[in-house]
Every structure is written in C-alpha cells, then in structure tokens.
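Visitor: Below is the file start09.pdb, which contains PDB, C-alpha atoms.
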ATOM      1  CA  MET X  31      -0.341 -24.558  -9.090
ATOM      2  CA  ASN X  32       0.977 -21.559 -11.003
ATOM      3  CA  GLU X  33       3.465 -20.057  -8.536
ATOM      4  CA  HIS X  34       5.528 -16.901  -9.032
ATOM      5  CA  VAL X  35       8.651 -16.474  -6.904
ATOM      6  CA  TYR X  36      10.235 -13.055  -6.306
ATOM      7  CA  HIS X  37      13.254 -11.654  -4.511
ATOM      8  CA  ILE X  38      12.875  -8.126  -3.101
ATOM      9  CA  ARG X  39      15.734  -5.964  -1.872
ATOM     10  CA  HIS X  40      14.749  -2.659  -0.230
ATOM     11  CA  ASP X  41      17.752  -0.528   0.767
ATOM     12  CA  THR X  42      17.203   2.766   2.662
ATOM     13  CA  HIS X  43      20.107   5.038   3.617
ATOM     14  CA  TYR X  44      19.964   8.237   5.683
ATOM     15  CA  ALA X  45      22.958  10.579   5.902
ATOM     16  CA  TYR X  46      23.054  13.354   8.525
ATOM     17  CA  SER X  47      25.049  16.591   8.505
ATOM     18  CA  LEU X  48      25.457  16.420  12.304
ATOM     19  CA  PRO X  49      25.673  13.398  14.619
ATOM     20  CA  VAL X  50      22.391  11.863  15.764
ATOM     21  CA  ARG X  51      22.407  11.326  19.520
ATOM     22  CA  LEU X  52      19.226   9.248  19.808
ATOM     23  CA  SER X  53      17.039   7.580  17.175
ATOM     24  CA  HIS X  54      13.805   5.606  17.583
ATOM     25  CA  GLN X  55      12.623   3.935  14.350
ATOM     26  CA  MET X  56       9.801   1.675  13.131
ATOM     27  CA  LEU X  57      10.111  -0.507  10.037
ATOM     28  CA  ARG X  58       7.325  -1.958   7.941
ATOM     29  CA  LEU X  59       9.352  -3.888   5.384
ATOM     30  CA  THR X  60       8.123  -7.463   5.955
ATOM     31  CA  PRO X  61       5.640  -8.796   3.345
ATOM     32  CA  ARG X  62       2.368 -10.004   4.840
ATOM     33  CA  SER X  63       1.330 -13.649   4.749
ATOM     34  CA  LEU X  64      -1.920 -13.846   2.751
ATOM     35  CA  PRO X  65      -3.986 -16.587   1.085
ATOM     36  CA  TRP X  66      -2.248 -15.795  -2.234
ATOM     37  CA  GLN X  67       1.131 -14.700  -0.836
ATOM     38  CA  THR X  68       3.747 -16.523   1.245
ATOM     39  CA  CYS X  69       6.886 -14.877   2.574
ATOM     40  CA  THR X  70       9.318 -17.798   2.582
ATOM     41  CA  SER X  71      12.394 -15.898   3.783
ATOM     42  CA  HIS X  72      12.982 -12.450   5.236
ATOM     43  CA  GLY X  73      15.792 -10.564   6.930
ATOM     44  CA  ILE X  74      16.597  -6.991   7.923
ATOM     45  CA  THR X  75      20.099  -5.612   8.492
ATOM     46  CA  ILE X  76      20.438  -2.326  10.403
ATOM     47  CA  THR X  77      23.668  -0.286  10.359
ATOM     48  CA  PRO X  78      24.736   0.793  12.963
ATOM     49  CA  GLU X  79      23.475  -2.388  14.605
ATOM     50  CA  PRO X  80      20.926  -1.765  17.364
ATOM     51  CA  GLN X  81      21.178  -3.688  20.607
ATOM     52  CA  GLN X  82      17.626  -4.958  20.225
ATOM     53  CA  LEU X  83      15.189  -5.317  17.308
ATOM     54  CA  ARG X  84      11.639  -5.809  18.522
ATOM     55  CA  MET X  85       9.107  -7.547  16.255
ATOM     56  CA  PHE X  86       5.311  -7.461  16.587
ATOM     57  CA  LEU X  87       2.088  -6.744  14.647
ATOM     58  CA  ASP X  88       0.586  -3.279  14.416
ATOM     59  CA  SER X  89      -3.139  -2.562  14.832
ATOM     60  CA  PHE X  90      -3.767  -3.421  11.159
ATOM     61  CA  GLY X  91      -2.014  -6.804  11.417
ATOM     62  CA  ASN X  92       1.107  -5.664   9.554
ATOM     63  CA  PRO X  93       4.498  -7.034  10.664
ATOM     64  CA  LEU X  94       6.422  -4.255  12.399
ATOM     65  CA  GLN X  95       9.980  -3.981  13.702
ATOM     66  CA  SER X  96      11.173  -1.246  16.045
ATOM     67  CA  PHE X  97      14.621  -0.358  17.339
ATOM     68  CA  SER X  98      16.583   2.412  19.042
ATOM     69  CA  LEU X  99      20.098   3.744  18.542
ATOM     70  CA  GLU X 100      21.434   5.468  21.641
ATOM     71  CA  SER X 101      24.984   6.329  20.552
ATOM     72  CA  ASP X 102      26.150   9.015  18.126
ATOM     73  CA  HIS X 103      25.906   8.092  14.439
ATOM     74  CA  SER X 104      26.179  10.064  11.178
ATOM     75  CA  ASP X 105      24.185   7.731   8.962
ATOM     76  CA  LEU X 106      21.585   4.969   9.176
ATOM     77  CA  ARG X 107      20.986   2.101   6.785
ATOM     78  CA  ALA X 108      18.131  -0.416   6.735
ATOM     79  CA  LEU X 109      18.423  -3.258   4.235
ATOM     80  CA  ALA X 110      15.482  -5.646   3.907
ATOM     81  CA  GLU X 111      15.623  -8.761   1.742
ATOM     82  CA  SER X 112      12.630 -11.017   1.159
ATOM     83  CA  TRP X 113      11.659 -14.072  -0.869
ATOM     84  CA  VAL X 114       7.954 -14.193  -1.687
ATOM     85  CA  THR X 115       5.784 -16.741  -3.512
ATOM     86  CA  LEU X 116       2.538 -15.591  -5.171
ATOM     87  CA  THR X 117      -0.340 -17.554  -6.663
ATOM     88  CA  PRO X 118      -3.067 -16.122  -8.950
ATOM     89  CA  ARG X 119      -6.040 -14.415  -7.314
ATOM     90  CA  GLN X 120      -9.646 -14.708  -8.380
ATOM     91  CA  LEU X 121     -12.047 -11.782  -8.494
ATOM     92  CA  PRO X 122     -15.543 -12.557  -7.115
ATOM     93  CA  GLN X 123     -17.962 -14.000  -9.661
ATOM     94  CA  THR X 124     -20.710 -11.607  -8.605
ATOM     95  CA  THR X 125     -20.875  -8.590  -6.315
ATOM     96  CA  LEU X 126     -23.738  -6.752  -4.672
ATOM     97  CA  PRO X 127     -24.924  -3.400  -6.028
ATOM     98  CA  TRP X 128     -22.651  -0.759  -4.568
ATOM     99  CA  GLU X 129     -25.553   0.996  -2.777
ATOM    100  CA  GLN X 130     -26.308  -2.247  -0.910
ATOM    101  CA  VAL X 131     -22.678  -2.492   0.179
ATOM    102  CA  ARG X 132     -22.856   1.092   1.441
ATOM    103  CA  GLU X 133     -26.049   0.274   3.339
ATOM    104  CA  THR X 134     -24.421  -2.786   4.921
ATOM    105  CA  LEU X 135     -21.702  -0.607   6.457
ATOM    106  CA  SER X 136     -23.758   2.478   7.319
ATOM    107  CA  TYR X 137     -24.506   3.313  10.935
ATOM    108  CA  GLN X 138     -27.949   2.402  12.207
ATOM    109  CA  ALA X 139     -28.815   2.817  15.871
ATOM    110  CA  GLY X 140     -29.222  -0.511  17.654
ATOM    111  CA  ARG X 141     -27.852  -2.605  14.785
ATOM    112  CA  PHE X 142     -24.949  -4.959  15.452
ATOM    113  CA  LEU X 143     -22.454  -5.495  12.646
ATOM    114  CA  LEU X 144     -20.868  -8.825  11.801
ATOM    115  CA  PRO X 145     -17.128  -9.017  12.676
ATOM    116  CA  ASP X 146     -15.855  -8.571   9.093
ATOM    117  CA  ASP X 147     -18.240  -5.678   8.485
ATOM    118  CA  LEU X 148     -17.230  -4.031  11.759
ATOM    119  CA  GLU X 149     -13.530  -4.360  10.889
ATOM    120  CA  ALA X 150     -14.182  -2.759   7.497
ATOM    121  CA  THR X 151     -15.822   0.307   9.030
ATOM    122  CA  ARG X 152     -12.438   1.620  10.212
ATOM    123  CA  TYR X 153     -11.741   2.386   6.526
ATOM    124  CA  LEU X 154     -14.882   4.508   6.000
ATOM    125  CA  PHE X 155     -13.612   7.773   7.396
ATOM    126  CA  GLU X 156     -11.180  10.579   6.682
ATOM    127  CA  SER X 157      -7.534  10.129   7.623
ATOM    128  CA  ALA X 158      -4.410  12.270   7.338
ATOM    129  CA  HIS X 159      -4.147  11.926   3.532
ATOM    130  CA  VAL X 160      -7.729  10.950   2.603
ATOM    131  CA  ARG X 161     -10.583  13.458   2.517
ATOM    132  CA  ILE X 162     -14.348  13.100   2.261
ATOM    133  CA  LYS X 163     -15.683  15.960   0.146
ATOM    134  CA  ARG X 164     -18.559  16.728  -2.215
ATOM    135  CA  GLU X 165     -16.247  17.130  -5.209
ATOM    136  CA  PHE X 166     -14.844  13.636  -4.704
ATOM    137  CA  LEU X 167     -18.369  12.267  -4.374
ATOM    138  CA  ALA X 168     -19.394  13.976  -7.619
ATOM    139  CA  TYR X 169     -16.376  12.568  -9.475
ATOM    140  CA  ALA X 170     -16.997   9.030  -8.184
ATOM    141  CA  ALA X 171     -20.732   9.161  -8.911
ATOM    142  CA  GLU X 172     -20.006   9.320 -12.646
ATOM    143  CA  SER X 173     -18.476   5.839 -12.377
ATOM    144  CA  PHE X 174     -20.776   4.365  -9.700
ATOM    145  CA  THR X 175     -24.115   4.668 -11.490
ATOM    146  CA  PRO X 176     -27.335   3.517  -9.754
ATOM    147  CA  GLY X 177     -27.610  -0.245  -9.296
ATOM    148  CA  LEU X 178     -24.120  -0.982 -10.657
ATOM    149  CA  PRO X 179     -22.393  -4.038  -9.114
ATOM    150  CA  LEU X 180     -19.559  -3.058  -6.789
ATOM    151  CA  LEU X 181     -16.845  -4.715  -8.914
ATOM    152  CA  ALA X 182     -17.984  -2.890 -12.043
ATOM    153  CA  GLY X 183     -17.959   0.433 -10.192
ATOM    154  CA  ILE X 184     -14.451  -0.167  -8.865
ATOM    155  CA  GLU X 185     -13.205  -0.993 -12.361
ATOM    156  CA  ALA X 186     -14.890   2.072 -13.878
ATOM    157  CA  LEU X 187     -13.385   4.447 -11.304
ATOM    158  CA  MET X 188      -9.939   2.842 -11.459
ATOM    159  CA  THR X 189      -9.867   2.991 -15.262
ATOM    160  CA  ARG X 190     -11.032   6.595 -15.313
ATOM    161  CA  ILE X 191      -8.265   7.725 -12.946
ATOM    162  CA  PHE X 192      -5.725   5.798 -15.019
ATOM    163  CA  ARG X 193      -6.866   7.539 -18.217
ATOM    164  CA  GLU X 194      -7.395  11.061 -16.874
ATOM    165  CA  PHE X 195      -4.470  11.482 -14.466
ATOM    166  CA  THR X 196      -0.830  11.876 -15.508
ATOM    167  CA  PHE X 197       2.030  10.093 -13.746
ATOM    168  CA  ASP X 198       4.486  12.869 -12.856
ATOM    169  CA  PRO X 199       7.114  12.300 -10.106
ATOM    170  CA  LEU X 200       7.899  16.034 -10.019
ATOM    171  CA  ALA X 201       4.312  17.200  -9.488
ATOM    172  CA  THR X 202       3.902  16.240  -5.818
ATOM    173  CA  THR X 203       5.665  15.470  -2.549
ATOM    174  CA  VAL X 204       4.642  13.191   0.317
ATOM    175  CA  SER X 205       2.784  16.129   1.890
ATOM    176  CA  THR X 206       0.808  17.283  -1.183
ATOM    177  CA  PRO X 207      -2.926  17.423  -0.256
ATOM    178  CA  VAL X 208      -5.236  15.106  -2.177
ATOM    179  CA  THR X 209      -7.341  18.144  -3.139
ATOM    180  CA  GLU X 210      -4.329  19.515  -5.048
ATOM    181  CA  VAL X 211      -3.800  16.143  -6.740
ATOM    182  CA  PHE X 212      -7.417  16.312  -7.919
ATOM    183  CA  ALA X 213      -6.979  19.876  -9.183
ATOM    184  CA  THR X 214      -3.813  19.165 -11.193
ATOM    185  CA  GLN X 215      -4.612  15.515 -12.026
ATOM    186  CA  ARG X 216      -0.898  14.739 -11.718
ATOM    187  CA  GLY X 217       1.131  12.729  -9.237
ATOM    188  CA  VAL X 218       2.495   9.292  -8.414
ATOM    189  CA  CYS X 219       1.016   6.002  -7.240
ATOM    190  CA  GLN X 220       0.671   7.213  -3.660
ATOM    191  CA  ASP X 221      -1.327  10.243  -4.836
ATOM    192  CA  PHE X 222      -3.593   8.210  -7.118
ATOM    193  CA  ALA X 223      -4.284   5.735  -4.304
ATOM    194  CA  HIS X 224      -5.172   8.547  -1.893
ATOM    195  CA  PHE X 225      -7.439  10.139  -4.507
ATOM    196  CA  MET X 226      -9.255   6.880  -5.282
ATOM    197  CA  LEU X 227      -9.684   6.263  -1.549
ATOM    198  CA  SER X 228     -11.141   9.753  -1.157
ATOM    199  CA  CYS X 229     -13.653   9.011  -3.921
ATOM    200  CA  LEU X 230     -14.638   5.617  -2.479
ATOM    201  CA  ARG X 231     -14.985   6.823   1.102
ATOM    202  CA  SER X 232     -16.958   9.862  -0.060
ATOM    203  CA  LEU X 233     -19.410   7.334  -1.547
ATOM    204  CA  GLY X 234     -19.676   5.564   1.827
ATOM    205  CA  LEU X 235     -17.571   2.543   0.814
ATOM    206  CA  ALA X 236     -14.802   1.037   2.949
ATOM    207  CA  ALA X 237     -11.408   1.159   1.249
ATOM    208  CA  ARG X 238      -7.854   0.837   2.523
ATOM    209  CA  TYR X 239      -4.401   1.891   1.304
ATOM    210  CA  VAL X 240      -2.111  -0.980   0.274
ATOM    211  CA  SER X 241       1.676  -0.657   0.243
ATOM    212  CA  GLY X 242       3.917  -3.045  -1.645
ATOM    213  CA  TYR X 243       5.967  -3.623  -4.757
ATOM    214  CA  LEU X 244       5.304  -4.107  -8.447
ATOM    215  CA  LEU X 245       7.466  -6.190 -10.769
ATOM    216  CA  THR X 246       8.400  -3.960 -13.691
ATOM    217  CA  GLU X 247       9.759  -5.251 -16.969
ATOM    218  CA  PRO X 248      12.691  -3.524 -18.747
ATOM    219  CA  PRO X 249      12.300  -2.357 -22.350
ATOM    220  CA  PRO X 250      12.905  -5.108 -24.935
ATOM    221  CA  GLY X 251      16.599  -5.785 -25.388
ATOM    222  CA  GLN X 252      17.652  -3.934 -22.223
ATOM    223  CA  ALA X 253      18.914  -5.422 -18.984
ATOM    224  CA  ARG X 254      16.916  -5.088 -15.790
ATOM    225  CA  LEU X 255      18.249  -2.170 -13.708
ATOM    226  CA  ILE X 256      19.256  -3.033 -10.152
ATOM    227  CA  GLY X 257      17.961  -0.600  -7.523
ATOM    228  CA  ALA X 258      15.780   1.300  -9.987
ATOM    229  CA  ASP X 259      12.410   0.019  -8.738
ATOM    230  CA  ALA X 260      10.330   1.729  -6.055
ATOM    231  CA  SER X 261       7.629   0.994  -3.535
ATOM    232  CA  HIS X 262       4.153   0.874  -5.035
ATOM    233  CA  ALA X 263       0.671   1.686  -3.711
ATOM    234  CA  TRP X 264      -2.874   0.749  -4.629
ATOM    235  CA  VAL X 265      -6.278   0.411  -2.937
ATOM    236  CA  SER X 266      -8.439  -2.392  -1.617
ATOM    237  CA  VAL X 267     -12.250  -2.177  -1.350
ATOM    238  CA  TYR X 268     -14.397  -4.184   1.047
ATOM    239  CA  CYS X 269     -16.813  -6.519  -0.728
ATOM    240  CA  PRO X 270     -19.432  -8.328   1.400
ATOM    241  CA  GLY X 271     -20.283 -11.781   0.077
ATOM    242  CA  SER X 272     -23.254 -12.550  -2.109
ATOM    243  CA  ASN X 273     -24.701 -15.764  -3.562
ATOM    244  CA  GLY X 274     -22.832 -17.846  -1.001
ATOM    245  CA  GLU X 275     -19.433 -16.220  -1.598
ATOM    246  CA  GLY X 276     -17.523 -15.105   1.484
ATOM    247  CA  ASN X 277     -16.549 -11.564   2.336
ATOM    248  CA  SER X 278     -13.491 -10.329   0.494
ATOM    249  CA  TRP X 279     -11.430  -7.285  -0.428
ATOM    250  CA  ILE X 280     -10.980  -6.263  -4.062
ATOM    251  CA  ASP X 281      -7.591  -4.723  -4.879
ATOM    252  CA  ALA X 282      -7.396  -2.084  -7.622
ATOM    253  CA  ASP X 283      -4.340  -0.278  -9.025
ATOM    254  CA  PRO X 284      -5.367   3.126 -10.460
ATOM    255  CA  THR X 285      -1.774   3.951 -11.480
ATOM    256  CA  ASN X 286      -1.786   1.100 -13.994
ATOM    257  CA  GLY X 287      -5.517   0.579 -14.495
ATOM    258  CA  ILE X 288      -5.415  -3.110 -13.509
ATOM    259  CA  PHE X 289      -6.606  -5.445 -10.784
ATOM    260  CA  PRO X 290      -3.453  -6.600  -8.924
ATOM    261  CA  ASP X 291      -2.473 -10.226  -9.343
ATOM    262  CA  THR X 292       0.856 -12.052  -9.447
ATOM    263  CA  SER X 293       2.990  -8.962 -10.193
ATOM    264  CA  HIS X 294       1.873  -7.067  -7.061
ATOM    265  CA  ILE X 295       3.627  -7.957  -3.793
ATOM    266  CA  THR X 296       1.820  -6.790  -0.659
ATOM    267  CA  LEU X 297       3.749  -5.327   2.276
ATOM    268  CA  GLY X 298       0.829  -4.105   4.358
ATOM    269  CA  TRP X 299      -2.220  -1.865   4.546
ATOM    270  CA  GLY X 300      -3.789   0.912   6.563
ATOM    271  CA  ARG X 301      -5.963   4.004   6.275
ATOM    272  CA  ASP X 302      -3.364   5.832   4.167
ATOM    273  CA  PHE X 303       0.400   6.085   3.586
ATOM    274  CA  LEU X 304       1.207   7.201   7.139
ATOM    275  CA  ASP X 305      -0.049   3.876   8.535
ATOM    276  CA  VAL X 306       2.339   1.843   6.367
ATOM    277  CA  SER X 307       5.358   4.097   5.831
ATOM    278  CA  PRO X 308       8.338   1.715   5.265
ATOM    279  CA  LEU X 309      10.574   3.558   7.747
ATOM    280  CA  ARG X 310       9.374   6.143  10.221
ATOM    281  CA  GLY X 311      10.770   7.505  13.451
ATOM    282  CA  VAL X 312      12.030  10.341  15.583
ATOM    283  CA  LEU X 313      15.558  11.439  16.414
ATOM    284  CA  ILE X 314      17.566  13.946  18.424
ATOM    285  CA  GLY X 315      20.270  15.786  16.491
ATOM    286  CA  GLY X 316      21.234  15.087  12.906
ATOM    287  CA  GLY X 317      20.942  18.564  11.396
ATOM    288  CA  GLN X 318      20.094  18.315   7.708
ATOM    289  CA  GLN X 319      19.429  14.839   6.356
ATOM    290  CA  THR X 320      19.311  13.163   2.968
ATOM    291  CA  MET X 321      17.625   9.879   2.103
ATOM    292  CA  ASP X 322      18.400   7.446  -0.695
ATOM    293  CA  VAL X 323      16.176   4.448  -1.423
ATOM    294  CA  ALA X 324      17.056   1.635  -3.815
ATOM    295  CA  VAL X 325      14.480  -1.093  -4.484
ATOM    296  CA  THR X 326      15.021  -4.147  -6.663
ATOM    297  CA  VAL X 327      12.273  -6.667  -7.470
ATOM    298  CA  LEU X 328      13.507  -9.727  -9.349
ATOM    299  CA  PRO X 329      11.828 -12.903 -10.553
ATOM    300  CA  GLY X 330      13.251 -15.703  -8.457
ATOM    301  CA  HIS X 331      15.221 -17.302 -11.273
ATOM    302  CA  GLU X 332      17.108 -14.025 -11.855
ATOM    303  CA  ALA X 333      18.041 -13.505  -8.204
ATOM    304  CA  PRO X 334      21.372 -14.509  -6.626
ATOM    305  CA  GLY X 335      21.063 -17.630  -4.529
ATOM    306  CA  PHE X 336      17.923 -18.933  -6.241
ATOM    307  CA  GLY X 337      17.353 -22.496  -5.090
ATOM    308  CA  PHE X 338      18.803 -21.849  -1.636
ATOM    309  CA  ALA X 339      16.471 -19.236  -0.111
ATOM    310  CA  VAL X 340      13.330 -20.913  -1.334
TER
END
Mind converting the file's structure to structure tokens?

Guide:
Amino acid sequence: MNEHVYHIRHDTHYAYSLPVRLSHQMLRLTPRSLPWQTCTSHGITITPEPQQLRMFLDSFGNPLQSFSLESDHSDLRALAESWVTLTPRQLPQTTLPWEQVRETLSYQAGRFLLPDDLEATRYLFESAHVRIKREFLAYAAESFTPGLPLLAGIEALMTRIFREFTFDPLATTVSTPVTEVFATQRGVCQDFAHFMLSCLRSLGLAARYVSGYLLTEPPPGQARLIGADASHAWVSVYCPGSNGEGNSWIDADPTNGIFPDTSHITLGWGRDFLDVSPLRGVLIGGGQQTMDVAVTVLPGHEAPGFGFAV
C-alpha cells in the first residue's frame, strides 16, 4: 500500500497586555481518523498547564479538547504535535446528475430520509460564514449545467474559482463577509471555501467546510522553512451512491484547483470555519492581545524522531 507519513507541529501563542484572570478554551487540533487517514500519535502541551484537559467529540464527530485556567497569566501557548499516515483516495467512478442529488436531499412532506442523507441535510443551509443568495446560484449555475454528473459539476466550479479568484492574504480578515469575497474575487483558502460552499448550498447541494493542513514544497534548491506553513481549508460535497457504489463525500480544494489526496491532512469539518476553529474561547481580563501561529508540516522522513513515533 502506498502510504504517506507526515509530522505536523501547530504552535499557537497568545500574549496579553494585562493579566488574564480566567480563561476557558476549546482546541480542535487532533486529526480525525478516516478510512484514508490514521493518526498514529498525538499530543498537546498547554502553557500554563491547566489542572484538567477534557477530551470528547463535538456534534460533528471532531476530536475536541477543553480546559480552563483560573489563575492570572500573561500569555497562553498551545503546542500540538501529530503523526499521521495517509493512503490514496479514489473518486467515485460515476455520480448521479446533480439535480437528482438535490432532489434526494430536498424536503418532501411525509418522506423519510435514509440516515446518511439525513446527516447530510445539516450542511444544506446558511451558517455564520456561508450565505444562500441568488447571485451565488447564478455563478454556480454556469458550472452545473443541466444533467451534468455531480463530480463533473464540482470540478467545473472548483476550477473556475481557482482561475478567477486571486490569493491575497491582505484582502480579507476572518470576519470578511462572503459577499465581499465574491465582489473582490480576492482572499485566502478560508474565503474560497466559504464562497464555494455558498455556491453549492445555493444550488441545494449539501457541502461542508473542511479544516486541515496541506504539505507545501519549497522552491527547488531551497530548504523547507520551519513554522512557515499554515492551516488549510477546502470543501466536501455529499455524493449519494449510484450503480452499487456507497454514499460518499467528495473533497475539493478551490484554492489549488485539485481534488485533495495524500497531501491534504484532515483535522475536522463543520458548517463553516467557526465550527472547526483550531483554538477558540472566552476570557476575563487580558487587555490587548496578540496571536502568533507557526505551523510545520513535514514528510515523516524529514521529521525529528522518525522511526520512533510511528
């Protein structure tokens, strides 16, 4: 089997201008276990060290850790290290016409949905960062022509966003509305994922936001930079089975115009970014705060300790 082993180091540091008296935090930094992905080792170090770190699954099935700090502190650091093994994924051989997929998930009085279909319906609607609007429907309809198989429509929309939108880290913030992203056609992976989700849900298709990492390669002749990577985001579209194939989800990366495979490491998924924010919480005190994030994704053979953690 063609396995790809990776080491991920995700280091988040908050510095506060005034002491924080109380802090409640949630972490989503543990890679999911999936048919094509195995998290073989994982650890999180919190500084200052909390008395208790609680671990459970959220409503989307993502691993979640929560903790509280009840004594004064002027900074907070969360360091997550993971070893992950990936195997190649296979796209479905055939997919239903996209209109039939929409019909499968549409509400009809008195009709009972199968469990997988019912679960998918939670990703049909608007959320904090995803809108359902006529202009998104019109944009998507140029890619999803009548009778087109779902996979072909996903590829057409993904490729179009990749070609027409410009990656620009200075163009948006985490609170930039998706309508503004559409107007400027500029942003980052999070923005492109939210826009593609808005298009898909405006069509009546179920699609979720996926958070994770992407292995990036340095320019030829240059060393890989430690801490220079970042979290990545893409989308996943529900695909009911046809011709005997089971139900599945098709991942698509509009930032890079590719279907994710062995270079995409999945942390978790939800309706949009807010459901899978790596670190989120509330605090009392702190004044002004600054945040620094350093992410490093390494092939296993380049990582320290290779041969011991896996």

Visitor: May I ask which of the residues X:Val323, X:Cys219, X:Met188, X:Leu328 is the closest one to Ala201 (chain X), counting all atoms listed in the file?

Guide: X:Cys219

Visitor: Go through region 205-257 of chain X and flag each residue having an atom no more than 12 Å from region 62-78 of chain X; for those, report the closest pair of atoms plus their distance in Å to one decimal, using only C-alpha atoms, ordered by chain and rising number, as JSON lines.

Guide:
{"residue": "X:Val240", "atom": "CA", "partner": "X:Arg62", "partner_atom": "CA", "distance": 11.1}
{"residue": "X:Ser241", "atom": "CA", "partner": "X:Arg62", "partner_atom": "CA", "distance": 10.4}
{"residue": "X:Gly242", "atom": "CA", "partner": "X:Arg62", "partner_atom": "CA", "distance": 9.6}

Visitor: List the neighbours of Thr292 (chain X) out to 8 Å using all atoms listed in the file; skip same-chain residues closer than 2 positions along the sequence, and give me the result as a ChimeraX atom specification.

Guide: /X:34,116-119,290,294-295

Visitor: Write out as a list in words the residues lying within 12 Å of Arg193 (chain X), counting only C-alpha atoms and excluding same-chain residues fewer than 5 positions away.

Guide: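 Near neighbours after the sequence-gap exclusion: Ala186, Leu187, Met188, Gln215, Arg216, Phe222, Pro284, Thr285, Asn286, Gly287 and Ile288 of chain X.
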
Visitor: Return the single residue from X:Gln319, X:Ser293, X:Thr151, X:Thr125 that is closest to Asn277 (chain X), with distances computed using only C-alpha atoms.

Guide: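 Nearest candidate to Asn277 (chain X) out of X:Gln319, X:Ser293, X:Thr151, X:Thr125: X:Thr125.
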
Visitor: Between CA of Ala150 (chain X) and CA of Phe174 (chain X), what is the spacing in Å?

Guide: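 A separation of 19.7 Å between them.
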
Visitor: Applying 12 Å and all atoms listed in the file, which residues near region 81-97 of chain X remain after dropping the ones on its own chain fewer than 3 positions away? List them as a PyMOL selection string.

Guide: chain X and resi 52-64+69+72-78+100-101+106+108+110+149-150+152-153+238-242+296-302+305-313

Visitor: So what do you get for CA of Thr115 (chain X) versus CA of Ala324 (chain X), distance-wise?

Guide: 21.6 Å

Visitor: If we count only C-alpha atoms, what is near His224 (chain X) at a cut-off of 7 Å, once residues fewer than 2 positions away on the same chain are taken out, given as a list in words?

Guide: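 Non-adjacent residues within range: His159, Val160, Val208, Gln220, Asp221, Phe222, Met226, Leu227, Ser228 and Asp302 of chain X.
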
Visitor: Out of X:Gly315, X:Ala282, X:Ala260, X:Leu230, which residue has the shortest atom-to-atom distance to Val50 (chain X) when counting only C-alpha atoms?

Guide: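 Under the stated criterion, the closest residue is X:Gly315.
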
Visitor: Between X:Thr189, X:Tyr36, X:Ser278, X:Asp198, which one has atoms that come closest to Asp146 (chain X), using all atoms listed in the file?

Guide: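 The shortest atom-to-atom distance to Asp146 (chain X) comes from X:Ser278.
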
Visitor: My list of candidates is X:Gly271, X:Ser98, X:Pro334, X:Val325. Which is closest to Asp259 (chain X) when distances are computed with only C-alpha atoms?

Guide: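 Once distances to Asp259 (chain X) are computed over only C-alpha atoms, the minimum belongs to X:Val325.
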
Visitor: Please indicate the distance in Å from CA of Phe303 (chain X) to CA of Ser157 (chain X), rounded to one decimal place.

Guide: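 Those two atoms sit 9.8 Å apart.
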